[in-house]
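Structure data follow from upload.cif (mmCIF, C-alpha atoms and all ligand atoms):
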data_my_file
#
loop_
_atom_site.group_PDB
_atom_site.id
_atom_site.type_symbol
_atom_site.label_atom_id
_atom_site.label_comp_id
_atom_site.auth_asym_id
_atom_site.auth_seq_id
_atom_site.Cartn_x
_atom_site.Cartn_y
_atom_site.Cartn_z
ATOM 1 C CA MET A 291 0.000 0.000 0.000
ATOM 2 C CA ASN A 292 1.166 3.521 -0.719
ATOM 3 C CA PHE A 293 0.734 5.573 2.441
ATOM 4 C CA GLN A 294 1.210 8.916 0.676
ATOM 5 C CA GLY A 295 3.655 10.212 3.240
ATOM 6 C CA LEU A 296 1.494 9.389 6.275
ATOM 7 C CA GLN A 297 3.500 8.861 9.447
ATOM 8 C CA LEU A 298 2.089 5.566 10.675
ATOM 9 C CA ASN A 299 3.790 3.234 13.071
ATOM 10 C CA LYS A 300 5.558 0.289 11.455
ATOM 11 C CA SER A 301 3.267 -2.430 12.779
ATOM 12 C CA LEU A 302 0.195 -0.661 11.420
ATOM 13 C CA GLU A 303 1.878 -0.274 8.025
ATOM 14 C CA ASN A 304 2.900 -3.916 8.027
ATOM 15 C CA SER A 305 -0.589 -5.169 8.801
ATOM 16 C CA LEU A 306 -2.182 -2.971 6.137
ATOM 17 C CA ASN A 307 0.420 -4.051 3.590
ATOM 18 C CA ALA A 308 -0.166 -7.696 4.415
ATOM 19 C CA LEU A 309 -3.951 -7.362 4.141
ATOM 20 C CA ASP A 310 -3.604 -5.615 0.792
ATOM 21 C CA ARG A 311 -1.015 -8.008 -0.631
ATOM 22 C CA GLU A 312 -2.986 -11.063 0.359
ATOM 23 C CA ASN A 313 -6.280 -9.616 -0.866
ATOM 24 C CA ARG A 314 -7.719 -9.783 2.598
ATOM 25 C CA MET A 315 -8.773 -6.155 2.965
ATOM 26 C CA PRO A 316 -11.904 -6.115 5.143
ATOM 27 C CA HIS A 317 -15.265 -4.532 4.357
ATOM 28 C CA ALA A 318 -14.979 -2.351 7.431
ATOM 29 C CA PHE A 319 -12.179 -0.451 9.140
ATOM 30 C CA ILE A 320 -12.340 1.235 12.503
ATOM 31 C CA ILE A 321 -9.728 3.952 12.945
ATOM 32 C CA SER A 322 -9.240 4.780 16.604
ATOM 33 C CA GLY A 323 -6.785 6.665 18.809
ATOM 34 C CA GLY A 324 -4.405 9.360 17.642
ATOM 35 C CA SER A 325 -5.719 12.835 16.891
ATOM 36 C CA GLN A 326 -8.813 13.665 14.880
ATOM 37 C CA LYS A 327 -6.461 14.958 12.207
ATOM 38 C CA SER A 328 -4.470 11.728 11.972
ATOM 39 C CA ARG A 329 -7.656 9.652 11.886
ATOM 40 C CA GLY A 330 -8.951 11.813 9.039
ATOM 41 C CA GLU A 331 -5.725 11.442 7.068
ATOM 42 C CA LEU A 332 -5.673 7.661 7.360
ATOM 43 C CA CYS A 333 -9.362 7.586 6.470
ATOM 44 C CA ASP A 334 -8.677 9.568 3.269
ATOM 45 C CA CYS A 335 -5.780 7.284 2.387
ATOM 46 C CA LEU A 336 -7.945 4.164 2.792
ATOM 47 C CA SER A 337 -10.829 5.642 0.806
ATOM 48 C CA ALA A 338 -8.412 6.574 -1.977
ATOM 49 C CA TRP A 339 -7.018 3.026 -1.862
ATOM 50 C CA ALA A 340 -10.556 1.692 -2.303
ATOM 51 C CA VAL A 341 -11.307 3.716 -5.430
ATOM 52 C CA CYS A 342 -7.822 4.071 -7.015
ATOM 53 C CA SER A 343 -7.712 2.875 -10.618
ATOM 54 C CA SER A 344 -3.939 2.387 -10.843
ATOM 55 C CA GLU A 345 -2.553 -1.023 -11.767
ATOM 56 C CA GLY A 346 0.368 -0.478 -9.408
ATOM 57 C CA GLU A 347 0.554 0.311 -5.739
ATOM 58 C CA LYS A 348 -2.559 1.965 -4.352
ATOM 59 C CA PRO A 349 -3.501 4.671 -3.689
ATOM 60 C CA CYS A 350 -1.342 6.072 -6.500
ATOM 61 C CA GLY A 351 -2.316 9.645 -5.635
ATOM 62 C CA GLU A 352 -2.246 10.491 -9.345
ATOM 63 C CA CYS A 353 -5.372 9.051 -10.975
ATOM 64 C CA LYS A 354 -8.642 10.975 -11.062
ATOM 65 C CA ASN A 355 -10.213 8.627 -8.522
ATOM 66 C CA CYS A 356 -7.384 9.243 -6.052
ATOM 67 C CA LYS A 357 -7.428 12.998 -6.571
ATOM 68 C CA ASN A 358 -11.175 13.168 -6.013
ATOM 69 C CA ALA A 359 -10.864 10.922 -2.972
ATOM 70 C CA PHE A 360 -8.218 13.113 -1.351
ATOM 71 C CA GLU A 361 -10.307 16.199 -2.087
ATOM 72 C CA ARG A 362 -13.311 14.390 -0.637
ATOM 73 C CA VAL A 363 -15.412 14.898 -3.755
ATOM 74 C CA HIS A 364 -15.503 11.348 -5.154
ATOM 75 C CA SER A 365 -19.025 10.254 -6.107
ATOM 76 C CA ASP A 366 -18.483 6.729 -4.761
ATOM 77 C CA ILE A 367 -17.313 7.901 -1.357
ATOM 78 C CA TYR A 368 -20.116 8.978 0.918
ATOM 79 C CA TYR A 369 -19.346 10.952 4.071
ATOM 80 C CA ALA A 370 -22.225 10.504 6.496
ATOM 81 C CA LYS A 371 -23.521 13.978 7.237
ATOM 82 C CA GLY A 372 -25.367 13.743 10.505
ATOM 83 C CA SER A 373 -27.941 16.281 11.547
ATOM 84 C CA GLY A 374 -28.884 18.696 14.259
ATOM 85 C CA LYS A 375 -26.593 20.614 16.535
ATOM 86 C CA THR A 376 -24.702 17.509 17.638
ATOM 87 C CA GLN A 377 -24.327 16.142 14.105
ATOM 88 C CA ILE A 378 -25.673 12.761 15.155
ATOM 89 C CA TYR A 379 -26.011 10.191 12.387
ATOM 90 C CA LYS A 380 -29.765 9.736 12.536
ATOM 91 C CA ALA A 381 -31.720 6.570 11.751
ATOM 92 C CA GLU A 382 -33.123 7.978 8.473
ATOM 93 C CA GLU A 383 -29.693 8.710 7.066
ATOM 94 C CA LEU A 384 -28.351 5.310 8.150
ATOM 95 C CA LYS A 385 -31.285 3.463 6.588
ATOM 96 C CA GLU A 386 -30.708 5.364 3.359
ATOM 97 C CA ILE A 387 -27.036 4.321 3.443
ATOM 98 C CA VAL A 388 -27.999 0.684 3.965
ATOM 99 C CA ARG A 389 -30.302 0.896 0.912
ATOM 100 C CA ASP A 390 -27.660 2.669 -1.149
ATOM 101 C CA ALA A 391 -24.975 0.110 -0.255
ATOM 102 C CA SER A 392 -26.651 -2.508 -2.438
ATOM 103 C CA ILE A 393 -26.384 -0.303 -5.546
ATOM 104 C CA LYS A 394 -23.240 -0.673 -7.701
ATOM 105 C CA PRO A 395 -20.559 2.037 -7.610
ATOM 106 C CA ASN A 396 -20.575 4.780 -10.290
ATOM 107 C CA GLN A 397 -16.969 5.201 -11.348
ATOM 108 C CA ALA A 398 -14.750 3.127 -9.122
ATOM 109 C CA ASP A 399 -14.613 -0.568 -8.282
ATOM 110 C CA ARG A 400 -15.790 0.074 -4.763
ATOM 111 C CA LYS A 401 -18.089 2.276 -2.765
ATOM 112 C CA VAL A 402 -16.958 3.747 0.531
ATOM 113 C CA TYR A 403 -19.057 4.984 3.458
ATOM 114 C CA VAL A 404 -17.315 7.139 6.008
ATOM 115 C CA PHE A 405 -18.604 7.749 9.537
ATOM 116 C CA GLU A 406 -16.405 10.123 11.466
ATOM 117 C CA GLU A 407 -16.101 10.653 15.197
ATOM 118 C CA CYS A 408 -18.505 7.836 15.979
ATOM 119 C CA ASP A 409 -18.023 8.179 19.754
ATOM 120 C CA LYS A 410 -19.889 11.480 19.560
ATOM 121 C CA ARG A 411 -22.065 11.005 16.512
ATOM 122 C CA LEU A 412 -23.139 7.372 16.279
ATOM 123 C CA PRO A 413 -25.027 6.227 19.400
ATOM 124 C CA GLN A 414 -25.022 2.452 19.949
ATOM 125 C CA ILE A 415 -28.759 2.037 20.205
ATOM 126 C CA PRO A 416 -30.533 2.004 17.851
ATOM 127 C CA ASN A 417 -28.253 3.765 15.340
ATOM 128 C CA GLN A 418 -25.286 1.375 15.249
ATOM 129 C CA GLY A 419 -27.766 -1.484 15.092
ATOM 130 C CA ILE A 420 -29.109 -0.184 11.776
ATOM 131 C CA LEU A 421 -25.684 -0.598 10.187
ATOM 132 C CA LEU A 422 -24.988 -3.914 11.828
ATOM 133 C CA LYS A 423 -26.536 -6.257 9.298
ATOM 134 C CA THR A 424 -24.808 -4.538 6.363
ATOM 135 C CA ILE A 425 -21.471 -4.677 8.161
ATOM 136 C CA GLU A 426 -22.036 -8.345 9.027
ATOM 137 C CA GLU A 427 -23.091 -9.343 5.526
ATOM 138 C CA PRO A 428 -21.698 -6.602 3.316
ATOM 139 C CA PRO A 429 -22.501 -6.419 -0.376
ATOM 140 C CA GLN A 430 -19.407 -6.946 -2.547
ATOM 141 C CA ASP A 431 -17.348 -3.844 -3.310
ATOM 142 C CA ILE A 432 -18.164 -1.973 -0.133
ATOM 143 C CA LEU A 433 -15.866 -0.391 2.397
ATOM 144 C CA PHE A 434 -17.085 1.116 5.656
ATOM 145 C CA ILE A 435 -14.719 3.380 7.563
ATOM 146 C CA LEU A 436 -15.621 4.378 11.101
ATOM 147 C CA THR A 437 -13.389 6.725 13.054
ATOM 148 C CA CYS A 438 -13.526 7.301 16.787
ATOM 149 C CA GLU A 439 -11.326 8.232 19.695
ATOM 150 C CA ASN A 440 -12.163 5.031 21.505
ATOM 151 C CA SER A 441 -13.394 1.963 19.649
ATOM 152 C CA LYS A 442 -15.049 0.644 22.821
ATOM 153 C CA THR A 443 -17.912 3.013 22.056
ATOM 154 C CA LEU A 444 -18.806 0.756 19.126
ATOM 155 C CA LEU A 445 -20.913 -2.386 19.501
ATOM 156 C CA GLU A 446 -18.852 -5.525 20.024
ATOM 157 C CA THR A 447 -20.618 -7.081 17.033
ATOM 158 C CA ILE A 448 -19.396 -4.231 14.804
ATOM 159 C CA ARG A 449 -15.867 -4.391 16.199
ATOM 160 C CA SER A 450 -15.641 -8.111 15.580
ATOM 161 C CA ARG A 451 -16.477 -7.644 11.876
ATOM 162 C CA ALA A 452 -14.062 -4.813 11.285
ATOM 163 C CA VAL A 453 -10.302 -4.415 11.334
ATOM 164 C CA THR A 454 -9.370 -1.851 13.972
ATOM 165 C CA LEU A 455 -6.430 0.408 13.198
ATOM 166 C CA ASN A 456 -5.339 2.031 16.427
ATOM 167 C CA LEU A 457 -3.215 5.125 15.995
ATOM 168 C CA GLY A 458 -2.194 4.976 19.639
ATOM 169 C CA ASP A 459 -2.879 7.404 22.429
ATOM 170 C CA GLY A 460 0.142 9.601 21.773
ATOM 171 C CA LYS A 461 -2.027 12.624 21.238
ATOM 172 C CA LYS A 462 0.729 15.005 20.250
ATOM 173 C CA THR A 463 -0.432 18.447 19.289
ATOM 174 C CA SER A 464 1.631 20.247 16.678
ATOM 175 C CA GLU A 465 3.471 23.351 17.799
ATOM 176 C CA GLN A 466 1.482 25.478 15.378
ATOM 177 C CA ALA A 467 -1.847 24.302 16.788
ATOM 178 C CA SER A 468 -0.838 24.824 20.390
ATOM 179 C CA GLU A 469 0.532 28.307 19.660
ATOM 180 C CA LEU A 470 -2.581 29.389 17.813
ATOM 181 C CA SER A 471 -4.898 27.948 20.447
ATOM 182 C CA GLU A 472 -3.063 29.894 23.140
ATOM 183 C CA GLU A 473 -3.264 33.038 21.017
ATOM 184 C CA ILE A 474 -7.020 32.621 20.578
ATOM 185 C CA LEU A 475 -7.548 32.107 24.298
ATOM 186 C CA ALA A 476 -5.288 34.995 25.286
ATOM 187 C CA SER A 477 -7.031 37.419 22.934
ATOM 188 C CA MET A 478 -10.374 36.300 24.342
ATOM 189 C CA LEU A 479 -9.314 37.949 27.594
ATOM 190 C CA LYS A 480 -8.342 41.211 25.894
ATOM 191 C CA SER A 481 -10.783 44.077 25.577
ATOM 192 C CA SER A 482 -10.359 44.568 21.839
ATOM 193 C CA GLU A 483 -12.517 42.375 19.637
ATOM 194 C CA PHE A 484 -10.083 42.895 16.774
ATOM 195 C CA GLU A 485 -7.355 40.821 18.472
ATOM 196 C CA LEU A 486 -9.666 37.858 18.772
ATOM 197 C CA LEU A 487 -10.901 38.147 15.215
ATOM 198 C CA LYS A 488 -7.301 38.321 14.012
ATOM 199 C CA ALA A 489 -6.506 35.134 15.911
ATOM 200 C CA THR A 490 -9.555 33.144 14.804
ATOM 201 C CA TYR A 491 -8.894 34.172 11.202
ATOM 202 C CA LYS A 492 -5.659 32.210 11.364
ATOM 203 C CA LEU A 493 -7.721 29.005 11.203
ATOM 204 C CA SER A 494 -6.625 28.340 7.670
ATOM 205 C CA ASP A 495 -7.139 24.725 6.698
ATOM 206 C CA ARG A 496 -9.546 22.066 7.777
ATOM 207 C CA PHE A 497 -7.212 19.658 9.571
ATOM 208 C CA ALA A 498 -5.101 22.330 11.221
ATOM 209 C CA SER A 499 -8.295 24.055 12.400
ATOM 210 C CA LEU A 500 -9.618 20.871 13.944
ATOM 211 C CA GLU A 501 -6.365 20.306 15.736
ATOM 212 C CA THR A 502 -6.325 23.888 17.023
ATOM 213 C CA LEU A 503 -9.949 23.712 18.175
ATOM 214 C CA GLU A 504 -9.310 20.390 19.954
ATOM 215 C CA CYS A 505 -6.406 22.082 21.671
ATOM 216 C CA VAL A 506 -8.521 25.120 22.687
ATOM 217 C CA GLU A 507 -11.110 22.717 24.100
ATOM 218 C CA SER A 508 -8.560 20.805 26.110
ATOM 219 C CA ILE A 509 -6.994 23.985 27.575
ATOM 220 C CA LEU A 510 -10.471 25.187 28.584
ATOM 221 C CA ALA A 511 -11.115 21.813 30.213
ATOM 222 C CA ASP A 512 -7.784 22.063 32.070
ATOM 223 C CA ALA A 513 -8.627 25.552 33.311
ATOM 224 C CA LEU A 514 -12.028 24.372 34.481
ATOM 225 C CA CYS A 515 -10.301 21.517 36.310
ATOM 226 C CA MET A 516 -8.010 24.012 38.066
ATOM 227 C CA GLN A 517 -11.027 25.881 39.373
ATOM 228 C CA THR A 518 -12.157 22.777 41.164
ATOM 229 C CA GLY A 519 -8.750 22.663 42.859
ATOM 230 C CA TYR A 520 -7.265 19.950 40.704
ATOM 231 C CA GLU A 521 -3.999 20.710 38.900
ATOM 232 C CA PRO A 522 -3.863 18.912 35.518
ATOM 233 C CA LYS A 523 -0.405 17.698 34.451
ATOM 234 C CA GLY A 524 1.354 19.844 31.873
ATOM 235 C CA ALA A 525 -1.394 22.452 31.640
ATOM 236 C CA ALA A 526 -0.568 25.540 29.558
ATOM 237 C CA ASP A 527 0.146 28.852 31.327
ATOM 238 C CA ILE A 528 -2.866 30.391 29.673
ATOM 239 C CA ALA A 529 -5.054 27.871 31.512
ATOM 240 C CA GLU A 530 -4.014 29.456 34.786
ATOM 241 C CA GLN A 531 -4.894 32.955 33.551
ATOM 242 C CA LEU A 532 -8.283 31.774 32.304
ATOM 243 C CA CYS A 533 -8.916 30.004 35.577
ATOM 244 C CA GLY A 534 -8.458 33.247 37.495
ATOM 245 C CA THR A 535 -10.728 35.245 35.191
ATOM 246 C CA LEU A 536 -13.686 33.161 34.022
ATOM 247 C CA THR A 537 -16.565 31.475 35.817
ATOM 248 C CA LYS A 538 -17.549 27.839 35.592
ATOM 249 C CA THR A 539 -20.608 28.701 33.481
ATOM 250 C CA GLN A 540 -18.424 30.642 31.067
ATOM 251 C CA PHE A 541 -16.033 27.700 30.740
ATOM 252 C CA LEU A 542 -18.860 25.297 29.991
ATOM 253 C CA GLU A 543 -20.272 27.657 27.373
ATOM 254 C CA LEU A 544 -16.865 28.176 25.762
ATOM 255 C CA ILE A 545 -16.292 24.417 25.583
ATOM 256 C CA GLU A 546 -19.705 23.961 23.977
ATOM 257 C CA ILE A 547 -18.976 26.703 21.409
ATOM 258 C CA THR A 548 -15.581 25.173 20.595
ATOM 259 C CA ARG A 549 -17.172 21.763 20.055
ATOM 260 C CA SER A 550 -19.826 23.241 17.774
ATOM 261 C CA ALA A 551 -17.059 24.905 15.778
ATOM 262 C CA GLN A 552 -15.355 21.511 15.324
ATOM 263 C CA LEU A 553 -18.608 20.078 14.015
ATOM 264 C CA LYS A 554 -18.929 22.981 11.590
ATOM 265 C CA VAL A 555 -15.432 22.255 10.292
ATOM 266 C CA ASN A 556 -16.466 18.636 9.797
ATOM 267 C CA GLN A 557 -19.553 19.800 7.919
ATOM 268 C CA ASN A 558 -17.303 21.715 5.536
ATOM 269 C CA VAL A 559 -18.752 25.094 6.506
ATOM 270 C CA SER A 560 -16.381 27.756 5.159
ATOM 271 C CA LEU A 561 -13.544 28.508 7.571
ATOM 272 C CA GLU A 562 -14.109 32.220 7.147
ATOM 273 C CA LEU A 563 -17.675 31.871 8.403
ATOM 274 C CA ILE A 564 -16.538 29.652 11.261
ATOM 275 C CA SER A 565 -13.861 32.156 12.316
ATOM 276 C CA THR A 566 -16.358 35.021 12.408
ATOM 277 C CA TRP A 567 -18.949 32.909 14.200
ATOM 278 C CA LEU A 568 -16.408 31.665 16.728
ATOM 279 C CA CYS A 569 -15.218 35.171 17.476
ATOM 280 C CA SER A 570 -18.734 36.515 18.051
ATOM 281 C CA GLN A 571 -19.758 33.547 20.224
ATOM 282 C CA TYR A 572 -16.621 33.767 22.353
ATOM 283 C CA ARG A 573 -17.113 37.514 22.775
ATOM 284 C CA LYS A 574 -20.727 37.049 23.803
ATOM 285 C CA THR A 575 -19.616 34.645 26.530
ATOM 286 C CA VAL A 576 -16.577 36.556 27.767
ATOM 287 C CA ARG A 577 -17.691 40.110 28.134
HETATM 288 ZN ZN ZN B 601 -4.989 6.257 -7.908
#
Could you quickly redo this structure as structure tokens?
Amino acid sequence: MNFQGLQLNKSLENSLNALDRENRMPHAFIISGGSQKSRGELCDCLSAWAVCSSEGEKPCGECKNCKNAFERVHSDIYYAKGSGKTQIYKAEELKEIVRDASIKPNQADRKVYVFEECDKRLPQIPNQGILLKTIEEPPQDILFILTCENSKTLLETIRSRAVTLNLGDGKKTSEQASELSEEILASMLKSSEFELLKATYKLSDRFASLETLECVESILADALCMQTGYEPKGAADIAEQLCGTLTKTQFLELIEITRSAQLKVNQNVSLELISTWLCSQYRKTVR
């Protein structure tokens, strides 16, 4: 398999290579652990593998199928959308997917269905149950990809039918994301709205934005922890400042806003809109 520059650990690469070489690729993958960004990257690589039309090593990254897969615009790859504020994958959408799974692919040899962040968006009952039969007895040419922080949130019967790729719990945040998240939080405490807008406008691409927002959320959670007298290990300095300034209600609201922003990024809402929205919501809470 061609991992397109992804930094996976060797044992994960070896197992994927073996599955591919021996034609034993499963009909369902669960990608767990790591960061949301790394799960998304591996997910894109596997979906491209599934649709790639190259005769050589897949995904080639060059053919039209690969390009569309990496841009997430391939007509045979369906990204479950979810609905409502929490972006839950609702029964109606899942039933539609089950129906659609029996129809042949359009352009590629396979169809892919992607369900991201299943711990938050795919409740076990009854929603996972709707997918169960299709995952147990999949039509030919189908690949399901489910991503989650912790695969234990998935039904045992789903886990046993899928190959789980665990990216490990080394949740390392890139320097860029931690710097920007601290900048956003620090400008939240300043009186000028412009500073905050300037900071949120630095959310420039989808994956980096998700990583930054996850980081903002975790610093807010640390600061909230500190207020209850518990000192989280390795908390950022900004957490201490926030802790001394904001109330518990404000923290909870800010965490909620940050989570909604992550969902908006996942829904492909324009980053410009998200930045403006985020700034106004943060300001409303911290005034
Ligand atoms: Zn290709």
Show me a table, sorted first by chain and then by increasing residue number, of the residues of stretch 408-455 of chain A having an atom at most 12 Å from stretch 379-397 of chain A, each with its shortest atom pair and the distance in Å to one decimal, counting all atoms listed in the file and written as CSV.
residue,atom,partner,partner_atom,distance
A:Cys408,CA,A:Tyr379,CA,8.6
A:Asp409,CA,A:Tyr379,CA,11.1
A:Lys410,CA,A:Tyr379,CA,9.5
A:Arg411,CA,A:Tyr379,CA,5.8
A:Leu412,CA,A:Tyr379,CA,5.6
A:Pro413,CA,A:Tyr379,CA,8.1
A:Gln414,CA,A:Tyr379,CA,10.9
A:Ile415,CA,A:Ala381,CA,10.0
A:Pro416,CA,A:Ala381,CA,7.7
A:Asn417,CA,A:Ala381,CA,5.7
A:Gln418,CA,A:Leu384,CA,8.7
A:Gly419,CA,A:Ala381,CA,9.6
A:Ile420,CA,A:Leu384,CA,6.6
A:Leu421,CA,A:Val388,CA,6.8
A:Leu422,CA,A:Val388,CA,9.6
A:Lys423,CA,A:Val388,CA,8.9
A:Thr424,CA,A:Val388,CA,6.6
A:Ile425,CA,A:Val388,CA,9.4
A:Glu426,CA,A:Val388,CA,11.9
A:Glu427,CA,A:Ser392,CA,11.1
A:Pro428,CA,A:Ala391,CA,8.3
A:Pro429,CA,A:Ser392,CA,6.1
A:Gln430,CA,A:Ser392,CA,8.5
A:Asp431,CA,A:Pro395,CA,8.0
A:Ile432,CA,A:Ala391,CA,7.1
A:Leu433,CA,A:Ala391,CA,9.5
A:Phe434,CA,A:Ala391,CA,9.9
A:Leu436,CA,A:Tyr379,CA,12.0
What do you get, as an NGL selection string, if you spell out every residue that the PyMOL selection byres (((chain A and resi 548-556) around 8) and not hetatm) selects here?
:A and (375-377 or 496 or 499-500 or 503-504 or 506-507 or 544-547 or 557-561 or 564 or 568)
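Picture a line from atom CA of A:Ser344 to atom CA of A:Cys356; it runs 9.0 Å.
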What are the closest atom pairs, with distances in Å to one decimal, for each residue of chain A lying within 7 Å of ligand ZN 601 (chain B), using all atoms listed in the file, rows by chain and rising residue number, as CSV?
residue,atom,partner,partner_atom,distance
A:Ala338,CA,B:ZN601,ZN,6.9
A:Cys342,CA,B:ZN601,ZN,3.7
A:Ser343,CA,B:ZN601,ZN,5.1
A:Ser344,CA,B:ZN601,ZN,5.0
A:Lys348,CA,B:ZN601,ZN,6.1
A:Pro349,CA,B:ZN601,ZN,4.7
A:Cys350,CA,B:ZN601,ZN,3.9
A:Gly351,CA,B:ZN601,ZN,4.9
A:Glu352,CA,B:ZN601,ZN,5.2
A:Cys353,CA,B:ZN601,ZN,4.2
A:Lys354,CA,B:ZN601,ZN,6.7
A:Asn355,CA,B:ZN601,ZN,5.8
A:Cys356,CA,B:ZN601,ZN,4.3
Would you kindly translate the PyMOL selection byres (((chain A and resi 321) around 7) and not hetatm) into the concrete residues it picks from this file, as number ranges by chain?
A: 319-320, 322, 329, 436-438, 454-456
Residue among A:Glu473, A:Glu347, A:Glu303, A:Glu543 lying closest to A:Ala529, counting only C-alpha atoms:
A:Glu473
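Atom pair atom CA of A:Gly374 / atom CA of A:Tyr491 has a distance of 25.5 Å (rounded to one decimal).
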So which residues get picked by the PyMOL selection byres (((chain A and resi 467) around 10) and not hetatm) here, written as number ranges by chain?
A: 463-466, 468-473, 493, 498-506
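The coordinates place atom CA of A:Gln326 at 22.8 Å from atom CA of A:Val341.
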With all atoms of stretch 349-360 of chain A from the file as input, state the centre and edge lengths in Å to one decimal of the axis-aligned box that has 4 Å extra on each side, as lines of an AutoDock Vina configuration file.
center_x = -6.3
center_y = 8.9
center_z = -6.2
size_x = 17.8
size_y = 16.5
size_z = 17.7
Quick one: everything within 10 Å of A:Ala526, counting all atoms listed in the file, minus sequence neighbours fewer than 2 positions away in the same chain. Send it as a ChimeraX atom specification.
/A:468,472,508-510,512-513,522-524,528-531
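For the residues A:Gln294, A:Ser328, A:Asn307, A:Asn299, ranking by smallest atom-to-atom distance to A:Phe497 using all atoms listed in the file places A:Ser328 first.
Here the question is which of A:Leu298, A:Met291, A:Leu514, A:Leu332 gets nearest to A:Asn313 using only C-alpha atoms, and that residue is A:Met291.
When all atoms listed in the file are used to compute distances to A:Lys327, the closest of the residues A:Cys569, A:Glu407, A:Tyr520, A:Ser450 turns out to be A:Glu407.
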Can you pull out the residues contacting A:Ile435? Cut-off 7 Å, using all atoms listed in the file, and skip same-chain residues under 6 positions away; I want them as a ChimeraX atom specification.
/A:318-320,333,403-405
